[in-house]
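As structure tokens, the structure follows; a few thoughts come after it.
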Protein chains: 2
Amino acid sequence: MSEFRIGIAGLGIVGAETARQLITAKERLSKRAGKTFKIIAVSARNENKDRGFTLDDISFYKDPLKLLDHSNIDVIIELIGGEGGIALDLCQRALQSGKHVITANKAMIAHHGFELSKLAEDNNVTIQFEAAVAGGIPAIKVLREGLASNQIDYIIGILNGTCNYILSEMTSSKRAFPDVLKEAQKKGFAEADPSFDIDGVDAAHKLAILSAIAFEQKINFSSLYISGIRHVSDIDINYAEKLGFCLKLLGIARRDSVAEITMALIASDEQLASVNGALNAVSYRGVPVGSSICIGPGAGAGPTSSAVLADLIDIATGLANFAYGSPVGTLSEQILDLNNSFKQCYYLRIAVTDKPGVLSEVSSILRDHGLSIASMIQNEQSEDGSVFLVLTTHKCVKKDIELAAIKISNFEYVLGDPILIPIYDSSSFV
Amino acid sequence: MSEFRIGIAGLGIVGAETARQLITAKERLSKRAGKTFKIIAVSARNENKDRGFTLDDISFYKDPLKLLDHSNIDVIIELIGGEGGIALDLCQRALQSGKHVITANKAMIAHHGFELSKLAEDNNVTIQFEAAVAGGIPAIKVLREGLASNQIDYIIGILNGTCNYILSEMTSSKRAFPDVLKEAQKKGFAEADPSFDIDGVDAAHKLAILSAIAFEQKINFSSLYISGIRHVSDIDINYAEKLGFCLKLLGIARRDSVAEITMALIASDEQLASVNGALNAVSYRGVPVGSSICIGPGAGAGPTSSAVLADLIDIATGLANFAYGSPVGTLSEQILDLNNSFKQCYYLRIAVTDKPGVLSEVSSILRDHGLSIASMIQNEQSEDGSVFLVLTTHKCVKKDIELAAIKISNFEYVLGDPILIPIYDSSSFV
């Protein structure tokens, strides 16, 4: 068997596990690829850390760019991370020097994926990034190859395990956000600085990548609407439950509009509602296939290295080609329906001073915007004389309900900003 | 763009939809493949049936083998069906004459897949059969490529939409099997002769194919344990529900043992339990990836033609290679642990004449076989003086509980054969 030579940049938990698999499962992996995998060189900050394998016969560098000095390396596995900087520099130079690239770097791909893929084409190599999206689910391969014959109309995903863990925990244990976040950090489900996760940026990176592949469009990352769970209240989780819903952070992308990361209520009997804890899920609808869903672990050493190594086997066996399914030059421009005529139901919670006429005033504002109420809960008056008015609407367009919410917030008896959350309903997406 | 020339054998609902897609979505499909797809010839029983497209410029034959007279055809799409006969003959000759083959024929692949794949290798072409297993889920691609780096330890699937539909309907409507089967036939969810579906053979074909790919073993179809739902009783479905379970027909394959199609109880909170109606599901556990599940439509014109066309694009773009992931010669022999030391819990329902001492007798038989009881229900005595003793066991090996059930059935107060159903528990498979 011929040799297939590897350079790994970054030996964090994913890099170390990838190297460990390549060493301990070398025989199985090489048999599968019909080529003998050999790690030629690695780069990391610390040479002497115990990672469960030895670096014998492997060149070690602190500077990732030194990997490129090995002209016999066939593929660079970039696991440093970061949107630009050294990771991007390394990938660009690797491709330019005719080396394939595998990366798990979702920020870099969401921002620079098209130019990197074009660079790969120009140099007759490939860049693959299955590990950048929901490592335990081969979502990119499923959309790009398994469904290659389809026109995909939408993707709905639970794309951030940290957020899904926090929301699941808040739901099952009836605790507030700060408390659950702290616990998630302790357990390793959330970073010390959790902003990328809880503000929806990580999920948005993944959604942008999946959308580009599914819709064959050049998705501009800055076009995405992104919100996270930082301001989620256990009050809304509890009301959602009373109304037969649960609350999730969803990535929602439609072929004909701008993608968004948003909290949404989901009816408890929807398949996505059963995806709890740190799991990820990707559901989609295509013609002619219909609707399907894949559920699995999204992060961690095992799932992510599984995806990195699958890309490696694909490249070694010649089964890897255009990262977006077709040459970058053939992808369409992004469709930006800023008018957003998509209709869905909404959940609205309004804190009001409990005075006669409040409900009638709120109802008439909704009516004036053509919005009709599907269900309503009004709780008992609390000590300060305020009550929550919680209602769900029938299907309407976003700008109508947003306008109504602004008008309602200006009404003198309304305390603070109303809480407005869309209700995801798979039947709206058919 | 160069042309990629197609012959289609069989214009049933899948063949007709495949041809229709190739004609109506020609531009999109050809763009995706970087080649212009062209149907050169088709075969079917009836030339003049209205299939929603015209056969202009397409050669028509009643005899599928005539397709081979077109030496310029690149790929034969076999959608005739049947384990052997003309379908097998056509595929063999097509491969021998250097044409690629795509097929949705699970019976043929389950029985002859290895020899056909070897024939393809010998002729430098490929045979692909994504559509043979759960058309709407790219299960073969996921296991073969998306998880190529993993050692897959097990696959559990809901692989027959007809059975899943019938069991789901029996559960939700509390009706008996014959009644629901008749309805399923009327609605088109079951064939006029439903044997292949309800006796588990169709699911077994799919499981044999998935197992070969997942475990890289030459699975002998005749080794599978196959049972179906023909004798399912609504009594057990109702007891299952009382105990917090639902009843499904599962395909269960482990790397180190013989695969089986069996009814099983599943706890209502397992992901597989939420897969209802005619849906299919494939769940798996691999190292290093962990556990995941894909859920989607398994049959019908849309999902199946989606899979056929995905194979076509893969072949046209050079992304199709060995059907089983590696050359047939490198697959291992099948592991047959006929000893079956796998432990799981069981459900046991025994009809007995309600006499003092019956329960103690049954308990002591179980105890003598090292079996311990996890839960028990005894219903009220019915008019004929009989009662049902329904119990679940803790984990045990199959042969112990089977022996105990035989001994119990010989006991004088026991009426008829005890009903023994395994309880699927995802934690047993970790």
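Chain identifiers are assigned as A, B, and so on, following the order in which chains appear in the structure tokens; residues are numbered from 1 within each chain, and ligands are numbered from 1 in order of appearance.
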
- Item | Test item: residues at most 12 Å from Gln96 in chain A, only C-alpha atoms, excluding those fewer than 4 positions along its chain, as an NGL selection string | :A and (68 or 76 or 89-92 or 100-101 or 116-127)

I need the residues from that last selection saved to file as a CSV table (one decimal), in the first residue's frame (with N, CA and C atoms), if you can.
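Result file part-v4.csv:
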chain,number,residue,atom,x,y,z
A,68,LEU,N,4.6,23.1,6.5
A,68,LEU,CA,4.6,23.2,5.1
A,68,LEU,C,6.0,23.0,4.5
A,76,ILE,N,-2.9,18.6,5.1
A,76,ILE,CA,-2.8,19.3,6.4
A,76,ILE,C,-4.2,19.3,7.1
A,89,ASP,N,-4.1,31.5,7.3
A,89,ASP,CA,-2.8,31.6,6.7
A,89,ASP,C,-2.2,30.2,6.3
A,90,LEU,N,-2.3,29.3,7.3
A,90,LEU,CA,-1.8,27.9,7.0
A,90,LEU,C,-2.6,27.2,5.9
A,91,CYS,N,-4.0,27.3,6.0
A,91,CYS,CA,-4.8,26.7,5.0
A,91,CYS,C,-4.5,27.2,3.6
A,92,GLN,N,-4.4,28.5,3.5
A,92,GLN,CA,-4.2,29.1,2.2
A,92,GLN,C,-2.8,28.6,1.6
A,100,HIS,N,-3.8,18.9,0.2
A,100,HIS,CA,-5.2,18.9,0.6
A,100,HIS,C,-5.3,19.5,2.0
A,101,VAL,N,-6.5,20.0,2.4
A,101,VAL,CA,-6.7,20.5,3.7
A,101,VAL,C,-8.0,19.9,4.3
A,116,LEU,N,-11.4,29.7,0.0
A,116,LEU,CA,-10.6,28.6,0.2
A,116,LEU,C,-10.9,27.4,-0.7
A,117,SER,N,-12.2,27.2,-1.0
A,117,SER,CA,-12.6,26.2,-1.9
A,117,SER,C,-12.1,26.5,-3.3
A,118,LYS,N,-12.2,27.7,-3.7
A,118,LYS,CA,-11.8,28.2,-5.0
A,118,LYS,C,-10.2,27.9,-5.1
A,119,LEU,N,-9.5,28.3,-4.1
A,119,LEU,CA,-8.1,28.1,-4.0
A,119,LEU,C,-7.7,26.6,-4.2
A,120,ALA,N,-8.5,25.8,-3.6
A,120,ALA,CA,-8.3,24.3,-3.7
A,120,ALA,C,-8.5,23.9,-5.2
A,121,GLU,N,-9.6,24.4,-5.7
A,121,GLU,CA,-9.9,24.0,-7.2
A,121,GLU,C,-8.7,24.4,-8.0
A,122,ASP,N,-8.2,25.7,-7.8
A,122,ASP,CA,-7.2,26.2,-8.7
A,122,ASP,C,-5.9,25.4,-8.5
A,123,ASN,N,-5.7,24.7,-7.4
A,123,ASN,CA,-4.5,23.9,-7.2
A,123,ASN,C,-4.7,22.4,-7.3
A,124,ASN,N,-5.9,22.0,-7.8
A,124,ASN,CA,-6.2,20.6,-8.0
A,124,ASN,C,-6.1,19.8,-6.7
A,125,VAL,N,-6.5,20.4,-5.6
A,125,VAL,CA,-6.6,19.7,-4.4
A,125,VAL,C,-8.0,20.0,-3.8
A,126,THR,N,-8.2,19.5,-2.6
A,126,THR,CA,-9.6,19.7,-2.0
A,126,THR,C,-9.5,20.2,-0.6
A,127,ILE,N,-10.5,20.9,-0.1
A,127,ILE,CA,-10.6,21.3,1.3
A,127,ILE,C,-11.9,20.7,1.8

- Query: Which neighbours of range 264-281 of chain A fall inside 8 Å, counting only C-alpha atoms, when residues of the same chain fewer than 5 positions from it are skipped, and could you give them as a PyMOL selection string?
  - Reply: (chain A and resi 134+137+157-166+168-169+189+240+244-250+293-298+347+421-426) or (chain B and resi 271+274)

- Message: Could you pull out the strand (DSSP E or B) residues of range 334-377 of chain A, going by DSSP on the backbone, and write them as a list of chain:residue names?
- Response: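 Residues of range 334-377 of chain A classed as strand (DSSP E or B): A:Lys343, A:Gln344, A:Cys345, A:Tyr346, A:Tyr347, A:Leu348, A:Arg349, A:Ile350, A:Ala351, A:Val352, A:Thr353, A:Ile373, A:Ala374, A:Ser375, A:Met376, A:Ile377.
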
Include C-alpha atoms and write out the residues we just selected as a compact mmCIF listing (two decimals), in the first residue's frame.
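As a result, result18.txt now contains:
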# COMPACT_ATOMS: atom_id res chain seq x y z
CA LYS A 343 -45.79 33.23 7.89
CA GLN A 344 -45.61 31.53 11.24
CA CYS A 345 -47.26 31.62 14.66
CA TYR A 346 -45.79 33.63 17.52
CA TYR A 347 -45.71 33.58 21.30
CA LEU A 348 -46.10 36.95 23.02
CA ARG A 349 -45.70 37.64 26.73
CA ILE A 350 -46.60 41.07 28.02
CA ALA A 351 -46.24 42.29 31.61
CA VAL A 352 -49.05 44.71 32.39
CA THR A 353 -50.52 46.58 35.33
CA ILE A 373 -55.07 35.14 18.82
CA ALA A 374 -54.83 31.33 18.94
CA SER A 375 -54.62 30.87 22.73
CA MET A 376 -54.18 32.98 25.81
CA ILE A 377 -53.16 32.62 29.46

- Task: Find the residues of chain A in contact range of chain B, meaning any atom within 6 Å when counting only C-alpha atoms, and list them as a list in words.
- Result: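 Selected residues: Gly136, Pro138, Gly146, Ala148, Ser149, Pro288, Val289, Ser292, Ile293, Cys294, Ile295, Gly296, Gly302, Pro303, Ser306, Leu309, Ala310 and Leu319 of chain A.
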
Would you mind exporting the chosen residues as a JSON list (two decimals), in the first residue's frame, restricted to N, CA and C atoms?
[["chain", "number", "residue", "atom", "x", "y", "z"],
["A", 136, "GLY", "N", -20.79, 14.56, 14.99],
["A", 136, "GLY", "CA", -21.31, 13.20, 15.05],
["A", 136, "GLY", "C", -22.34, 12.89, 13.99],
["A", 138, "PRO", "N", -22.97, 13.20, 9.92],
["A", 138, "PRO", "CA", -22.30, 13.57, 8.66],
["A", 138, "PRO", "C", -23.21, 14.48, 7.82],
["A", 146, "GLY", "N", -25.61, 12.67, -0.33],
["A", 146, "GLY", "CA", -26.77, 11.80, -0.13],
["A", 146, "GLY", "C", -28.03, 12.39, -0.73],
["A", 148, "ALA", "N", -27.86, 14.89, -3.14],
["A", 148, "ALA", "CA", -27.37, 15.72, -4.25],
["A", 148, "ALA", "C", -28.42, 15.96, -5.32],
["A", 149, "SER", "N", -29.35, 15.02, -5.45],
["A", 149, "SER", "CA", -30.33, 15.13, -6.53],
["A", 149, "SER", "C", -31.50, 16.02, -6.16],
["A", 288, "PRO", "N", -36.96, 15.49, -4.63],
["A", 288, "PRO", "CA", -38.13, 14.66, -4.33],
["A", 288, "PRO", "C", -38.11, 13.91, -2.98],
["A", 289, "VAL", "N", -37.13, 14.09, -2.12],
["A", 289, "VAL", "CA", -36.97, 13.15, -1.00],
["A", 289, "VAL", "C", -38.02, 13.26, 0.09],
["A", 292, "SER", "N", -36.57, 14.65, 6.44],
["A", 292, "SER", "CA", -35.82, 13.70, 7.26],
["A", 292, "SER", "C", -35.10, 14.47, 8.35],
["A", 293, "ILE", "N", -34.58, 13.72, 9.31],
["A", 293, "ILE", "CA", -33.83, 14.35, 10.41],
["A", 293, "ILE", "C", -32.70, 13.43, 10.85],
["A", 294, "CYS", "N", -31.56, 14.00, 11.16],
["A", 294, "CYS", "CA", -30.45, 13.26, 11.74],
["A", 294, "CYS", "C", -30.13, 13.87, 13.09],
["A", 295, "ILE", "N", -29.91, 13.01, 14.08],
["A", 295, "ILE", "CA", -29.68, 13.46, 15.45],
["A", 295, "ILE", "C", -28.42, 12.79, 15.98],
["A", 296, "GLY", "N", -27.54, 13.55, 16.60],
["A", 296, "GLY", "CA", -26.34, 12.93, 17.14],
["A", 296, "GLY", "C", -25.51, 13.94, 17.93],
["A", 302, "GLY", "N", -14.50, 12.62, 20.33],
["A", 302, "GLY", "CA", -14.90, 11.46, 19.54],
["A", 302, "GLY", "C", -15.62, 11.84, 18.26],
["A", 303, "PRO", "N", -16.78, 12.51, 18.38],
["A", 303, "PRO", "CA", -17.53, 12.86, 17.18],
["A", 303, "PRO", "C", -16.73, 13.74, 16.20],
["A", 306, "SER", "N", -14.03, 11.73, 14.48],
["A", 306, "SER", "CA", -14.68, 10.83, 13.53],
["A", 306, "SER", "C", -14.89, 11.52, 12.19],
["A", 309, "LEU", "N", -11.52, 12.24, 10.39],
["A", 309, "LEU", "CA", -10.95, 11.03, 9.80],
["A", 309, "LEU", "C", -11.76, 10.52, 8.61],
["A", 310, "ALA", "N", -13.08, 10.77, 8.63],
["A", 310, "ALA", "CA", -13.89, 10.41, 7.46],
["A", 310, "ALA", "C", -13.46, 11.25, 6.26],
["A", 319, "LEU", "N", -12.51, 10.07, -2.95],
["A", 319, "LEU", "CA", -13.96, 10.32, -2.86],
["A", 319, "LEU", "C", -14.28, 11.73, -2.38]]

- Message: Counting only C-alpha atoms, which residue out of B:Phe53, B:Phe342, B:Tyr154, B:Tyr239 sits closest to Arg20 in chain B?
- Response: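 Selected residue with least distance to Arg20 in chain B: B:Phe53.
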
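Taking only C-alpha atoms, the non-local environment of Leu88 in chain B within 9 Å (same-chain residues fewer than 6 positions away omitted) comprises Gly81, Gly82, Met108, His112 and Leu116 of chain B.
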
- DSSP-assigned helix (DSSP H, G or I) among range 44-248 of chain A, expressed as a ChimeraX atom specification: /A:64-69,85-96,106-122,130-132,139-146,161-173,177-187,195-198,201-215,221-223,234-242

- Extract, using only C-alpha atoms, all DNA, RNA and protein residues at most 6 Å from range 209-215 of chain A, discarding same-chain residues fewer than 4 positions from it, and format them as a count of residues only. 6

- Spatial neighbours of Ala44 in chain A, max dist 6 Å, only C-alpha atoms, sep filter under 2 positions, as a VMD selection string: chain A and resid 10 to 11 46 62

- Item | For CA of Glu47 in chain B and CA of Gly85 in chain B, the interatomic separation in Å (one decimal) |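 The value is 21.6 Å.
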
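Considering only C-alpha atoms, the residue among B:Asp153, B:Asp193, B:Asp74, B:Glu183 positioned nearest to Ala253 in chain B is B:Asp153.
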
- Closest to Glu383 in chain A among A:Glu83, A:Asp179, A:Asp354, A:Asp56, using only C-alpha atoms? A:Asp354

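For the pair CA of Ala132 in chain B and CA of Gln334 in chain B, the separation is 21.1 Å.
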
- Shell around Tyr61 in chain A at 10 Å using only C-alpha atoms, local window under 2 positions removed, as a list of chain:residue names: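 Here the qualifying residues turn out to be A:Ala9, A:Ala41, A:Val42, A:Ser43, A:Ala44, A:Arg45, A:Asn46, A:Glu47, A:Ile58, A:Ser59, A:Asp63, A:Pro64, A:Leu65, A:Lys66, A:Leu67.
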
Write the residues you've just listed into a file as a PDB file, in the first residue's frame, and include C-alpha atoms for each of them.
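Everything below was put into out_29.pdb:
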ATOM      1  CA  ALA A   9      -1.803  21.625  13.211  1.00  0.00           C
ATOM      2  CA  ALA A  41       4.613  16.302  11.535  1.00  0.00           C
ATOM      3  CA  VAL A  42       2.479  18.043  14.135  1.00  0.00           C
ATOM      4  CA  SER A  43       2.356  21.488  15.657  1.00  0.00           C
ATOM      5  CA  ALA A  44       1.167  22.528  19.093  1.00  0.00           C
ATOM      6  CA  ARG A  45       2.063  24.970  21.850  1.00  0.00           C
ATOM      7  CA  ASN A  46       3.450  22.389  24.213  1.00  0.00           C
ATOM      8  CA  GLU A  47       5.574  19.445  23.064  1.00  0.00           C
ATOM      9  CA  ILE A  58       6.912  12.620  14.196  1.00  0.00           C
ATOM     10  CA  SER A  59       8.405  16.071  13.676  1.00  0.00           C
ATOM     11  CA  ASP A  63       4.927  27.137  14.481  1.00  0.00           C
ATOM     12  CA  PRO A  64       2.173  25.505  12.364  1.00  0.00           C
ATOM     13  CA  LEU A  65       3.588  27.010   9.169  1.00  0.00           C
ATOM     14  CA  LYS A  66       6.663  24.801   9.613  1.00  0.00           C
ATOM     15  CA  LEU A  67       4.479  21.840   8.622  1.00  0.00           C
TER      16      LEU A  67
END

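The two atoms in question, CA of Phe4 in chain B and CA of Ala131 in chain B, are spaced 20.1 Å apart.
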